[in-house]
Each structure stands twice: as structure tokens, then as C-alpha cells.
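Note: the block below is model.txt and it holds compact mmCIF, C-alpha atoms and all ligand atoms.
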# COMPACT_ATOMS: atom_id res chain seq x y z
CA MET A 25 101.46 99.75 72.38
CA THR A 26 101.47 99.93 76.18
CA GLN A 27 101.63 103.70 76.27
CA HIS A 28 99.00 104.00 73.58
CA TRP A 29 96.25 101.92 75.14
CA GLN A 30 97.07 103.02 78.65
CA SER A 31 96.76 106.69 77.80
CA THR A 32 93.63 106.13 75.71
CA PHE A 33 91.73 104.16 78.32
CA GLY A 34 93.47 105.35 81.41
CA ASP A 35 91.37 108.42 81.99
CA GLN A 36 87.90 106.95 82.38
CA ASP A 37 85.66 108.37 85.06
CA ALA A 38 84.87 105.13 86.91
CA PRO A 39 85.62 105.42 90.63
CA ILE A 40 88.86 103.72 91.56
CA ASP A 41 88.57 100.65 93.78
CA SER A 42 89.86 101.77 97.18
CA ARG A 43 92.04 98.65 97.46
CA LEU A 44 94.10 99.95 94.53
CA ASP A 45 94.70 103.23 96.35
CA LYS A 46 95.65 101.39 99.50
CA ILE A 47 98.16 99.05 97.86
CA LEU A 48 99.58 101.41 95.24
CA VAL A 49 100.43 104.64 97.00
CA GLY A 50 100.51 107.69 94.72
CA ARG A 51 98.21 110.38 93.34
CA SER A 52 100.43 111.72 90.53
CA ALA A 53 98.93 111.80 87.02
CA PRO A 54 100.82 108.68 85.80
CA MET A 55 99.77 106.73 88.91
CA ARG A 56 96.14 107.82 88.57
CA GLN A 57 96.20 106.68 84.95
CA LEU A 58 97.73 103.34 85.93
CA LYS A 59 95.07 102.79 88.58
CA GLN A 60 92.26 103.63 86.13
CA VAL A 61 93.61 100.96 83.80
CA LEU A 62 93.97 98.39 86.59
CA ASN A 63 90.47 99.23 87.76
CA MET A 64 89.13 98.11 84.39
CA VAL A 65 91.43 95.19 83.74
CA ALA A 66 91.74 93.55 87.18
CA PRO A 67 88.22 92.05 87.39
CA SER A 68 88.61 90.31 84.01
CA ASP A 69 90.42 87.01 83.50
CA ALA A 70 92.71 88.42 80.82
CA PRO A 71 96.48 87.97 81.15
CA VAL A 72 98.32 91.13 82.16
CA MET A 73 101.96 91.88 81.46
CA VAL A 74 103.46 94.41 83.85
CA GLN A 75 106.43 96.32 82.57
CA GLY A 76 108.68 98.81 84.29
CA GLU A 77 112.15 99.48 85.61
CA THR A 78 113.49 97.58 88.59
CA GLY A 79 111.95 98.59 91.92
CA VAL A 80 108.98 100.52 90.47
CA GLY A 81 106.46 98.22 92.15
CA LYS A 82 105.61 95.61 89.51
CA GLU A 83 105.02 92.94 92.15
CA LEU A 84 102.82 95.35 94.05
CA VAL A 85 100.79 95.96 90.88
CA CYS A 86 100.22 92.21 90.65
CA GLU A 87 99.13 92.16 94.29
CA ALA A 88 96.69 94.96 93.52
CA ILE A 89 95.31 93.15 90.45
CA HIS A 90 94.74 90.00 92.50
CA ALA A 91 93.10 91.93 95.35
CA VAL A 92 90.61 93.56 92.98
CA SER A 93 90.10 90.49 90.77
CA GLY A 94 87.70 88.88 93.20
CA ARG A 95 89.35 85.52 92.50
CA PRO A 96 88.93 83.30 95.57
CA GLY A 97 92.22 81.40 95.22
CA ASP A 98 95.70 82.49 96.27
CA LEU A 99 98.21 84.77 94.64
CA VAL A 100 101.22 82.56 93.87
CA ALA A 101 104.44 84.28 92.80
CA VAL A 102 107.39 82.68 91.04
CA ASN A 103 110.53 84.58 90.09
CA CYS A 104 111.74 82.88 86.93
CA ALA A 105 115.17 84.52 87.22
CA ALA A 106 115.75 83.36 90.80
CA ILE A 107 115.18 79.62 90.28
CA PRO A 108 117.81 77.56 88.44
CA SER A 109 116.41 76.57 85.05
CA GLU A 110 116.67 72.82 85.77
CA LEU A 111 114.43 73.24 88.84
CA LEU A 112 111.94 75.67 87.36
CA GLU A 113 109.85 73.03 85.59
CA SER A 114 109.14 70.98 88.72
CA GLU A 115 108.62 74.21 90.69
CA LEU A 116 105.88 75.26 88.24
CA PHE A 117 104.37 71.91 87.33
CA GLY A 118 105.12 69.85 90.44
CA HIS A 119 106.25 66.25 90.28
CA GLU A 120 105.19 62.73 91.18
CA LYS A 121 107.10 60.63 93.67
CA GLY A 122 110.15 59.06 92.01
CA ALA A 123 109.95 61.33 88.94
CA PHE A 124 113.69 61.99 89.26
CA THR A 125 116.50 61.37 91.72
CA GLY A 126 115.59 63.13 94.93
CA ALA A 127 111.84 63.28 94.24
CA ASP A 128 110.99 61.42 97.46
CA SER A 129 107.39 62.47 97.52
CA ARG A 130 104.73 64.01 95.31
CA ARG A 131 104.94 67.78 95.09
CA VAL A 132 102.15 70.10 93.98
CA GLY A 133 103.56 72.76 91.66
CA ARG A 134 103.00 76.50 91.78
CA ILE A 135 100.55 76.46 88.86
CA GLU A 136 98.29 74.06 90.75
CA GLN A 137 98.69 76.13 93.92
CA ALA A 138 97.29 79.09 92.00
CA GLN A 139 94.07 77.16 91.28
CA GLY A 140 91.19 79.67 91.33
CA GLY A 141 93.64 82.48 91.99
CA THR A 142 96.46 84.35 90.28
CA LEU A 143 99.82 83.07 89.07
CA PHE A 144 102.48 85.78 88.98
CA LEU A 145 105.48 84.93 86.83
CA ASP A 146 108.09 87.57 87.58
CA GLU A 147 110.99 88.06 85.14
CA ILE A 148 109.20 85.96 82.53
CA GLY A 149 111.85 87.04 79.99
CA ASP A 150 114.31 84.76 81.79
CA MET A 151 112.23 81.62 81.29
CA PRO A 152 114.18 78.94 79.36
CA ALA A 153 112.96 78.20 75.83
CA ALA A 154 111.81 74.62 76.60
CA LEU A 155 109.66 75.86 79.45
CA GLN A 156 108.23 78.67 77.32
CA ALA A 157 106.80 75.98 75.04
CA LYS A 158 105.30 74.11 78.01
CA LEU A 159 103.76 77.25 79.46
CA LEU A 160 102.22 78.08 76.09
CA ARG A 161 100.60 74.66 76.02
CA VAL A 162 99.16 75.17 79.51
CA LEU A 163 97.69 78.50 78.46
CA GLU A 164 96.12 76.90 75.41
CA THR A 165 94.77 73.73 77.00
CA ARG A 166 94.31 74.89 80.61
CA ARG A 167 95.76 71.54 81.65
CA ILE A 168 99.06 70.52 83.19
CA GLN A 169 100.97 67.34 83.73
CA ARG A 170 103.19 66.96 86.78
CA VAL A 171 106.79 65.94 86.02
CA GLY A 172 106.75 62.13 85.92
CA GLY A 173 102.94 62.12 85.96
CA ARG A 174 100.61 60.51 83.44
CA GLY A 175 97.24 62.10 83.82
CA GLU A 176 96.45 65.72 83.09
CA ILE A 177 95.08 68.09 85.68
CA GLU A 178 92.71 70.91 84.81
CA VAL A 179 93.88 74.27 86.00
CA ASN A 180 92.12 77.60 86.33
CA PHE A 181 94.33 80.55 87.11
CA ARG A 182 94.74 84.13 86.02
CA LEU A 183 98.20 84.88 84.67
CA VAL A 184 100.10 88.07 85.45
CA THR A 185 103.66 88.37 84.20
CA ALA A 186 106.32 90.99 84.77
CA THR A 187 109.57 91.92 83.16
CA HIS A 188 112.01 94.78 83.22
CA ARG A 189 113.34 93.69 79.82
CA ALA A 190 112.21 94.92 76.43
CA LEU A 191 110.48 91.62 75.67
CA ALA A 192 109.42 92.71 72.17
CA LYS A 193 113.09 93.02 71.32
CA ASP A 194 113.79 89.55 72.77
CA VAL A 195 111.04 88.25 70.46
CA GLU A 196 112.57 90.02 67.45
CA GLU A 197 115.96 88.59 68.28
CA GLY A 198 114.62 85.07 68.84
CA ARG A 199 115.20 84.88 72.59
CA PHE A 200 111.51 84.71 73.46
CA ARG A 201 108.74 82.83 71.64
CA ALA A 202 106.51 85.15 69.65
CA ASP A 203 103.40 82.95 70.15
CA LEU A 204 103.84 82.98 73.93
CA TYR A 205 104.51 86.71 73.89
CA PHE A 206 101.20 87.40 72.15
CA ARG A 207 99.33 85.12 74.57
CA ILE A 208 100.63 86.76 77.71
CA ASN A 209 100.69 90.32 76.43
CA VAL A 210 96.91 90.79 76.17
CA PHE A 211 96.96 93.78 78.52
CA PRO A 212 100.40 95.37 78.72
CA VAL A 213 100.58 97.69 81.71
CA SER A 214 103.47 100.05 82.25
CA VAL A 215 104.44 101.19 85.76
CA PRO A 216 105.96 104.70 85.76
CA SER A 217 109.43 105.14 87.21
CA LEU A 218 109.74 107.21 90.39
CA SER A 219 111.48 110.02 88.49
CA GLU A 220 108.26 110.45 86.48
CA ARG A 221 106.20 110.88 89.66
CA LEU A 222 108.37 112.78 92.11
CA ASP A 223 105.27 114.42 93.61
CA ASP A 224 104.31 111.00 95.03
CA ILE A 225 107.39 110.94 97.28
CA PRO A 226 105.73 112.59 100.34
CA LEU A 227 102.76 110.21 100.18
CA ILE A 228 104.96 107.15 99.78
CA LEU A 229 107.09 108.26 102.76
CA GLU A 230 103.92 108.84 104.75
CA ALA A 231 102.79 105.27 103.97
CA MET A 232 106.19 103.92 105.02
CA ILE A 233 106.01 105.88 108.29
CA ASP A 234 102.49 104.56 108.96
CA ARG A 235 103.57 101.00 108.30
CA ARG A 236 106.56 101.32 110.63
CA GLN A 237 104.38 102.89 113.29
CA THR A 238 101.99 99.96 113.07
CA GLN A 239 104.82 97.43 113.20
CA TYR A 240 106.70 99.13 116.05
CA PRO A 241 104.20 101.29 117.96
CA ASP A 242 106.76 102.23 120.63
CA VAL A 243 109.53 103.31 118.25
CA MET A 244 109.76 106.93 117.10
CA THR A 245 109.69 107.62 113.37
CA PRO A 246 111.62 110.30 111.44
CA HIS A 247 109.88 113.42 110.17
CA PHE A 248 110.84 114.69 106.69
CA ASN A 249 110.47 118.46 106.47
CA ALA A 250 109.77 120.43 103.28
CA GLY A 251 113.49 120.96 102.60
CA ALA A 252 114.09 117.21 102.81
CA ILE A 253 111.26 116.53 100.36
CA GLN A 254 112.72 119.07 97.96
CA ALA A 255 116.16 117.47 98.24
CA LEU A 256 114.69 114.02 97.58
CA ALA A 257 112.96 115.38 94.47
CA THR A 258 116.30 116.36 92.93
CA HIS A 259 117.62 112.79 93.06
CA GLY A 260 117.49 110.58 89.94
CA TRP A 261 116.12 107.42 91.67
CA PRO A 262 117.58 104.72 89.41
CA GLY A 263 116.41 102.12 91.97
CA ASN A 264 112.91 103.66 92.07
CA VAL A 265 110.63 103.04 95.08
CA ARG A 266 112.89 100.30 96.40
CA GLU A 267 115.70 102.87 96.62
CA LEU A 268 113.35 105.30 98.39
CA ARG A 269 112.46 102.55 100.85
CA ASN A 270 116.17 102.05 101.58
CA VAL A 271 116.54 105.78 102.21
CA PHE A 272 113.57 105.65 104.56
CA ASP A 273 114.93 102.60 106.39
CA ARG A 274 118.22 104.45 106.92
CA ALA A 275 116.37 107.54 108.18
CA ALA A 276 114.29 105.41 110.54
CA VAL A 277 117.48 104.29 112.25
CA LEU A 278 119.52 107.49 112.12
CA PHE A 279 116.77 110.06 112.69
CA ALA A 280 114.18 108.27 114.83
CA GLY A 281 111.90 110.90 116.38
CA ARG A 282 113.87 113.68 114.68
CA VAL A 283 113.43 116.07 111.83
CA VAL A 284 115.15 115.10 108.59
CA ASN A 285 116.12 118.22 106.64
CA ALA A 286 117.75 118.80 103.23
CA GLU A 287 121.24 118.64 104.68
CA ALA A 288 120.51 115.31 106.34
CA VAL A 289 119.17 113.94 103.05
CA CYS A 290 122.17 115.06 101.01
CA SER A 291 124.89 114.22 103.53
CA HIS A 292 123.58 111.17 105.30
CA LEU A 293 120.71 109.53 103.49
CA LEU A 294 121.21 109.65 99.73
CA PRO A 295 124.88 108.91 99.13
CA MET A 296 126.18 105.82 100.90
CA GLN A 297 129.53 107.56 101.41
CA GLY A 298 127.69 109.94 103.75
CA MET A 299 127.63 107.12 106.27
CA THR A 300 131.35 107.47 106.91
CA ALA A 301 131.01 111.11 107.82
CA LEU A 302 128.02 110.38 110.00
CA ALA A 303 129.86 107.74 111.98
CA ALA A 304 132.34 110.39 113.09
CA GLU A 305 129.79 112.86 114.40
CA PRO A 306 127.00 112.48 116.94
CA ILE A 307 123.49 112.19 115.55
CA SER A 308 121.72 115.33 116.57
CA ALA A 309 118.35 116.85 116.16
CA ALA A 310 118.02 118.52 112.79
CA PRO A 311 117.46 122.26 113.06
CA ALA A 312 113.87 122.97 113.89
CA PRO A 313 112.08 124.21 110.81
CA SER A 314 110.23 127.48 110.85
CA ALA A 315 106.45 127.40 110.88
CA SER A 316 106.47 127.93 107.13
CA VAL A 317 108.15 124.59 106.48
CA ALA A 318 105.95 122.64 108.88
CA PRO A 319 103.97 120.14 106.79
CA ALA A 320 100.63 121.44 108.05
CA ASP A 321 99.42 122.19 104.52
CA ALA A 322 100.24 118.71 103.34
CA ILE A 323 98.49 117.19 106.36
CA LEU A 324 95.39 119.32 105.87
CA ASP A 325 95.41 118.47 102.17
CA SER A 326 95.50 114.76 103.04
CA ILE A 327 92.58 115.13 105.43
CA MET A 328 90.45 117.13 103.01
CA ASN A 329 91.27 115.56 99.67
CA THR A 330 92.07 111.88 100.15
CA ASP A 331 90.50 108.73 101.47
CA THR A 332 93.61 107.88 103.45
CA SER A 333 93.74 108.46 107.19
CA VAL A 334 96.17 110.77 108.97
CA ASP A 335 97.96 109.83 112.19
CA MET A 336 97.16 112.92 114.24
CA ARG A 337 98.97 111.77 117.38
CA ARG A 338 102.19 111.17 115.46
CA HIS A 339 102.06 114.55 113.70
CA LEU A 340 101.41 116.31 116.98
CA ARG A 341 104.29 114.44 118.57
CA ASP A 342 106.63 115.41 115.68
CA MET A 343 105.56 119.01 116.20
CA GLU A 344 106.31 118.79 119.94
CA VAL A 345 109.79 117.40 119.24
CA MET A 346 110.52 120.26 116.82
CA MET A 347 109.28 122.96 119.19
CA ILE A 348 111.14 121.64 122.23
CA ASP A 349 114.38 121.24 120.23
CA ALA A 350 114.06 124.82 118.98
CA ALA A 351 113.33 126.22 122.46
CA LEU A 352 116.30 124.39 123.99
CA LYS A 353 118.56 125.62 121.23
CA LYS A 354 117.37 129.20 121.66
CA THR A 355 117.90 129.14 125.43
CA GLY A 356 121.34 127.54 125.28
CA GLY A 357 120.01 124.32 126.79
CA SER A 358 118.29 125.90 129.82
CA VAL A 359 115.27 123.77 130.56
CA SER A 360 113.68 126.44 132.76
CA ALA A 361 114.04 129.12 130.07
CA ALA A 362 112.82 126.71 127.39
CA ALA A 363 109.78 125.90 129.55
CA ARG A 364 109.02 129.65 129.84
CA THR A 365 109.41 130.06 126.06
CA LEU A 366 106.91 127.28 125.53
CA ARG A 367 104.63 128.45 128.38
CA LEU A 368 104.96 125.09 130.12
CA GLN A 369 105.71 124.11 133.70
CA ARG A 370 109.37 123.11 134.02
CA THR A 371 108.31 119.67 135.28
CA THR A 372 105.93 119.24 132.35
CA LEU A 373 108.74 120.00 129.92
CA ILE A 374 111.08 117.57 131.67
CA GLU A 375 108.42 114.86 131.48
CA LYS A 376 107.86 115.53 127.79
CA MET A 377 111.60 115.46 127.08
CA LYS A 378 111.84 112.08 128.78
CA LYS A 379 108.85 110.71 126.90
CA LEU A 380 110.10 111.98 123.54
CA ALA A 381 113.75 111.02 124.19
CA ILE A 382 114.95 114.62 123.75
CA SER A 383 118.29 115.54 125.27
CA ARG A 384 119.63 119.08 125.81
CA GLU A 385 122.99 118.01 124.37
CA ALA A 386 121.47 116.74 121.12
CA ALA A 387 119.33 119.85 120.73
CA LEU A 388 122.34 122.12 121.29
CA ALA A 389 124.55 120.14 118.91
CA SER A 390 122.10 120.64 116.06
N1 LIG A 401 103.41 102.73 94.88
C1 LIG A 401 104.07 102.21 95.91
N2 LIG A 401 103.69 102.50 97.15
C2 LIG A 401 104.36 101.99 98.21
N3 LIG A 401 105.42 101.17 98.13
C3 LIG A 401 105.83 100.83 96.92
C4 LIG A 401 105.19 101.33 95.73
N4 LIG A 401 105.81 100.81 94.67
C5 LIG A 401 106.79 100.04 95.14
N5 LIG A 401 106.82 100.04 96.49
C6 LIG A 401 107.79 99.31 97.35
O1 LIG A 401 109.04 99.29 96.65
C7 LIG A 401 109.67 98.02 96.77
C8 LIG A 401 109.89 97.43 95.38
O2 LIG A 401 108.62 97.06 94.82
P1 LIG A 401 108.45 95.75 93.90
O3 LIG A 401 109.22 94.58 94.46
O4 LIG A 401 106.99 95.56 93.66
O5 LIG A 401 109.20 96.26 92.59
P2 LIG A 401 109.48 95.50 91.23
O6 LIG A 401 109.19 96.46 90.14
O7 LIG A 401 108.72 94.20 91.22
O8 LIG A 401 111.04 95.23 91.35
P3 LIG A 401 111.95 94.18 90.51
O9 LIG A 401 111.88 94.57 89.07
O10 LIG A 401 113.33 94.41 91.05
O11 LIG A 401 111.40 92.81 90.81
C9 LIG A 401 108.76 97.18 97.65
O12 LIG A 401 109.20 97.30 98.98
C10 LIG A 401 107.40 97.84 97.50
O13 LIG A 401 106.60 97.61 98.64

Could you express the structure from this file as C-alpha cells?
Ligand SMILES: Nc1ncnc2c1ncn2[C@@H]1O[C@H](COP(=O)(O)OP(=O)(O)OP(=O)(O)O)[C@@H](O)[C@H]1O
Amino acid sequence: MTQHWQSTFGDQDAPIDSRLDKILVGRSAPMRQLKQVLNMVAPSDAPVMVQGETGVGKELVCEAIHAVSGRPGDLVAVNCAAIPSELLESELFGHEKGAFTGADSRRVGRIEQAQGGTLFLDEIGDMPAALQAKLLRVLETRRIQRVGGRGEIEVNFRLVTATHRALAKDVEEGRFRADLYFRINVFPVSVPSLSERLDDIPLILEAMIDRRQTQYPDVMTPHFNAGAIQALATHGWPGNVRELRNVFDRAAVLFAGRVVNAEAVCSHLLPMQGMTALAAEPISAAPAPSASVAPADAILDSIMNTDTSVDMRRHLRDMEVMMIDAALKKTGGSVSAAARTLRLQRTTLIEKMKKLAISREAALAS
């Protein structure tokens, strides 16, 4: 069902809301199709069920839906699998003072907090049966009662749910209420796994680099060359974008201001056991790539063909690091000879090396 309606309606010509592009990084065909669908569905009040493997970005999809929905209230997220079942009811519905032992004061529940906004119920498949019945009633009546409360409170929220489980099978096997399933599954949306959109990896890395640069403007970021991107594309990515983020976080520490190449990806970034080997050897500059592997084409493509911005200063700085590393390597670590190779004053090169944290030893060890 999901695949069917998504592929039928997912290729409309309507321009994509730029907030979707900003939140959900990716220009691959499956991501474009997903964004077309969200573009249509987000402004409506209809419930959306987001499906996809762990780490694909289901929560991010909900964030994108809320951003485009135009709803003035908040986005309130509840992970049904993370809250013990006996606490989930008061978490969602709130409680009155004295409703149960320990209820010292009145508490407004998450459903009420989502008034005028969006309620995101993550891992809805893990919701206990008794609560499934209560949620169904809320969806039908648009009213809630706090635990221990008497009166009913009108609520107006848009529901987005997510699950990595095959919920239809849970319904068949009696683990999930069929009536609730049909109520929340008005628009099923499927988020593609990272292995189905490997060509998004460079853009996602770029977004992660930009974010890190914004967070820590004085800290150098790693630069993934074409070989590294190719190596990343051969991985299976069972943990999807979350796994890619972990790889990036590792690179940001181990290769700050340095080039990450295929060898670095395979030996130090992808397999965790690579960490042991790395601990025994000094971290050095990755070999400088030849001009043909410099990402100039990708950068130019981004400038010409996307709405996203490009951090020119960072790219130029990455290029400087690569060129100085290569010159030092070629000249056996002689700063004077490297300066001549680069047609720079010796003092200018020394200043640049200081600024970019380049050492002769690291360049030679690469
Ligand atoms: N398209 C994307 N662009 C940029 N970052 C992304 C994208 N998709 C996912 N991420 C990042 O990957 C991580 C996992 O995303 P998220 O938590 O939304 O996944 P999920 O599908 O909800 O995971 P789970 O099923 O485990 O709850 C987050 O750090 C998120 O920011």
C-alpha cells in the first residue's frame, strides 16, 4: 500500500517546499519521491504513519511534516517504547493532583501539550493494548480526560506515528488493534534505507560538516575525498543515516582538518576494530589526492544545481591543507623547498602551516 500510493503520487510537479530540502538532506530518486509526497500531505490534518528501518530518519520526517504543516502549536514527541507501560498513560494524558501515589501536583500530558501542533508517537507498535483503546477514543472524540480527572478537555492536534515494525502483521496476529491501525494509517509514508540512496552520502556528509562548522567555528573538519566516498558506498549501512553520523563523528575527531581517503574509511572509520590499530599508530595526514579526485566537480554541481549554500572558505582551506601536505611530502619535509613548490614566501607558508595546524612530521608520515 505504502509503495503503491507513494510511487503513484510521488512524482507530481509541484515545487518542493524548501524547508523539506533543508531538513531532509538528499536528492536521490527515492528521497525526491518522498519529499513530493510530504509536500502534498504535510499541510493537511490527516494522520501520517512513517515507516522505515531504524536510523533512516523517521523522526526527522515528522519534524519536516510539522515544519511544513503551518500548525502554530509545538511538535511534541513521545517514544512509546522508551517509557514504561505503567507510566505511559499519565505521560500522554496527564494527571490531576492525587490521582495516584506520587501525583503531588497536576500534570499536563503530552497530548495537551501538542494542542494546535503535532503529536509524534514514535514506536507506536509498542503501545500497550489498553492504551491503544484509549488513543482510539481520543482520535474519535477529540477529547481527553486526565488520569484522575472528571471533566473532558478538547484537543486539537495532528497525529504522526512511526514504527520500524511490520504493523500490518501485528494487526493480523492480534498484537495491534485493527481499528486503531486504520485510523492512524491514513497516509503511510515509507522512508528509504540508506542502502537504497547511496548517492545521497556526499550531500549528507556535507550537511554534517556544515552543522559542525556552525557549532564549532574554530575546529577543523575532515574532508572526504572521492575514494572515501566510493568506499562508503560499498558498505551495507544496517544502521542507516545514524550509522553514517557515527562514522562522521569518528572522522571529525580522528581526521580534523585532514583528508579522509578510502584506506582511512576501511581501516579506521567503518569497522570498530580499526580503532585498535589506529591507537597504535600516529594519526597522519591522508595522502594528498591528485587534482582528479578533488571534489571540485561536486562543489560546482552544488553551486549550479541546488538551493543549498556552499562554504567556500572551508573548501578553500581543505584545498590548502591538501596542497601543503603534498608539497611537504614531496620535498621530504623541507619547508623552504615546499614554499618554492607552492610559489609562496617561506614565512607565508610557515604562517599557513601554523594556522592550519599542519606539521612536517604528520605530512611525512602519511
Ligand atoms: N536525510 C537526512 N539528512 C540528514 N540527517 C539525517 C537524515 N536522516 C536521518 N538523519 C540523521 O540520522 C539520525 C537518525 O535519524 P532519526 O532519529 O530521525 O531516525 P529514526 O528512523 O527515527 O530512528 P529510530 O527508528 O531508531 O527511532 C539523526 O541524527 C538524524 O539527524

Quick one: residues within 12 Å of Ile148 of chain A, all atoms listed in the file counted, chain neighbours fewer than 3 positions away excluded, as a compact mmCIF listing (two decimals) with C-alpha atoms, in the frame of the given file?
# COMPACT_ATOMS: atom_id res chain seq x y z
CA MET A 73 101.96 91.88 81.46
CA VAL A 74 103.46 94.41 83.85
CA GLN A 75 106.43 96.32 82.57
CA ALA A 101 104.44 84.28 92.80
CA VAL A 102 107.39 82.68 91.04
CA ASN A 103 110.53 84.58 90.09
CA CYS A 104 111.74 82.88 86.93
CA ALA A 105 115.17 84.52 87.22
CA ALA A 106 115.75 83.36 90.80
CA ILE A 107 115.18 79.62 90.28
CA LEU A 112 111.94 75.67 87.36
CA LEU A 143 99.82 83.07 89.07
CA PHE A 144 102.48 85.78 88.98
CA LEU A 145 105.48 84.93 86.83
CA MET A 151 112.23 81.62 81.29
CA PRO A 152 114.18 78.94 79.36
CA ALA A 153 112.96 78.20 75.83
CA LEU A 155 109.66 75.86 79.45
CA GLN A 156 108.23 78.67 77.32
CA LEU A 159 103.76 77.25 79.46
CA LEU A 183 98.20 84.88 84.67
CA VAL A 184 100.10 88.07 85.45
CA THR A 185 103.66 88.37 84.20
CA ALA A 186 106.32 90.99 84.77
CA THR A 187 109.57 91.92 83.16
CA HIS A 188 112.01 94.78 83.22
CA ARG A 189 113.34 93.69 79.82
CA ALA A 190 112.21 94.92 76.43
CA LEU A 191 110.48 91.62 75.67
CA ASP A 194 113.79 89.55 72.77
CA ARG A 199 115.20 84.88 72.59
CA PHE A 200 111.51 84.71 73.46
CA ARG A 201 108.74 82.83 71.64
CA LEU A 204 103.84 82.98 73.93
CA TYR A 205 104.51 86.71 73.89
CA ILE A 208 100.63 86.76 77.71
CA ASN A 209 100.69 90.32 76.43

Please enclose the listed atoms of ligand LIG 401 (chain A) in an axis-aligned box, pad each side by 4 Å, and write out the centre and the three edge lengths in Å, rounded to one decimal, as JSON.
{"center_x": 108.4, "center_y": 97.8, "center_z": 94.0, "size_x": 17.9, "size_y": 17.9, "size_z": 17.9}

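Going from atom CA of Ala362 of chain A to atom CA of Asp349 of chain A covers 9.1 Å.
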
Show me which residues sit within 9 Å of ligand LIG 401 (chain A) when counting only C-alpha atoms and all ligand atoms, and put them as an NGL selection string. :A and (45-50 or 55 or 74-87 or 103 or 146-147 or 186-188 or 215 or 218 or 224 or 227-229 or 231-232 or 263-270)

Pick out the closest residue to Met336 of chain A from this set: A:Asp273, A:Asp223, A:Glu385, A:Asp234. Count all atoms listed in the file.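 For Met336 of chain A, the nearest of the candidates is A:Asp234.
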
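Distance-wise, atom CA of Arg56 of chain A and atom CA of Val271 of chain A end up 24.6 Å apart.
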
Expressed in Å to a single decimal, how great is the separation between atom CA of Glu230 of chain A and atom CA of Pro67 of chain A?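 Pair atom CA of Glu230 of chain A / atom CA of Pro67 of chain A returns 28.8 Å.
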
Distance query 12 Å from (119.7, 123.4, 126.6) using all atoms listed in the file, result as a PDB file with C-alpha atoms, keeping the file's coordinate frame:
ATOM      1  CA  ILE A 348     111.140 121.640 122.230  1.00  0.00           C
ATOM      2  CA  ASP A 349     114.380 121.240 120.230  1.00  0.00           C
ATOM      3  CA  ALA A 350     114.060 124.820 118.980  1.00  0.00           C
ATOM      4  CA  ALA A 351     113.330 126.220 122.460  1.00  0.00           C
ATOM      5  CA  LEU A 352     116.300 124.390 123.990  1.00  0.00           C
ATOM      6  CA  LYS A 353     118.560 125.620 121.230  1.00  0.00           C
ATOM      7  CA  LYS A 354     117.370 129.200 121.660  1.00  0.00           C
ATOM      8  CA  THR A 355     117.900 129.140 125.430  1.00  0.00           C
ATOM      9  CA  GLY A 356     121.340 127.540 125.280  1.00  0.00           C
ATOM     10  CA  GLY A 357     120.010 124.320 126.790  1.00  0.00           C
ATOM     11  CA  SER A 358     118.290 125.900 129.820  1.00  0.00           C
ATOM     12  CA  VAL A 359     115.270 123.770 130.560  1.00  0.00           C
ATOM     13  CA  SER A 360     113.680 126.440 132.760  1.00  0.00           C
ATOM     14  CA  ALA A 361     114.040 129.120 130.070  1.00  0.00           C
ATOM     15  CA  ALA A 362     112.820 126.710 127.390  1.00  0.00           C
ATOM     16  CA  ALA A 363     109.780 125.900 129.550  1.00  0.00           C
ATOM     17  CA  LEU A 373     108.740 120.000 129.920  1.00  0.00           C
ATOM     18  CA  ILE A 374     111.080 117.570 131.670  1.00  0.00           C
ATOM     19  CA  MET A 377     111.600 115.460 127.080  1.00  0.00           C
ATOM     20  CA  ILE A 382     114.950 114.620 123.750  1.00  0.00           C
ATOM     21  CA  SER A 383     118.290 115.540 125.270  1.00  0.00           C
ATOM     22  CA  ARG A 384     119.630 119.080 125.810  1.00  0.00           C
ATOM     23  CA  GLU A 385     122.990 118.010 124.370  1.00  0.00           C
ATOM     24  CA  ALA A 386     121.470 116.740 121.120  1.00  0.00           C
ATOM     25  CA  ALA A 387     119.330 119.850 120.730  1.00  0.00           C
ATOM     26  CA  LEU A 388     122.340 122.120 121.290  1.00  0.00           C
ATOM     27  CA  ALA A 389     124.550 120.140 118.910  1.00  0.00           C
ATOM     28  CA  SER A 390     122.100 120.640 116.060  1.00  0.00           C
TER      29      SER A 390
END

Near His247 of chain A, counting all atoms listed in the file, which residues have an atom at most 10 Å away, once you skip same-chain residues fewer than 6 positions from it, shown as a ChimeraX atom specification? /A:229-230,233,275-276,279-285,310,319,338-339,342-343,345-346

Go through A:Glu110, A:Glu136, A:Asp128, A:Asp150 and flag the residue nearest Gln169 of chain A, using all atoms listed in the file for the distances.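 For Gln169 of chain A, the nearest of the given residues is A:Glu136.
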
Proximity to Leu222 of chain A - best of A:Arg43, A:Arg51, A:Arg131, A:Lys378, all atoms listed in the file: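 Closest to Leu222 of chain A, using all atoms listed in the file: A:Arg51.
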
Measuring atom to atom with only C-alpha atoms, identify which of A:Pro212, A:Glu113, A:Leu99, A:Gly141 is nearest to Leu62 of chain A. A:Pro212

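Comparing A:Thr258, A:Ser219, A:Ile135, A:Ala154 by their smallest distance to Glu178 of chain A, the closest is A:Ile135 (using only C-alpha atoms).
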
Counting only C-alpha atoms, which of A:Val289, A:Leu256, A:Ile168, A:Leu58 gets nearest to Arg134 of chain A? A:Ile168
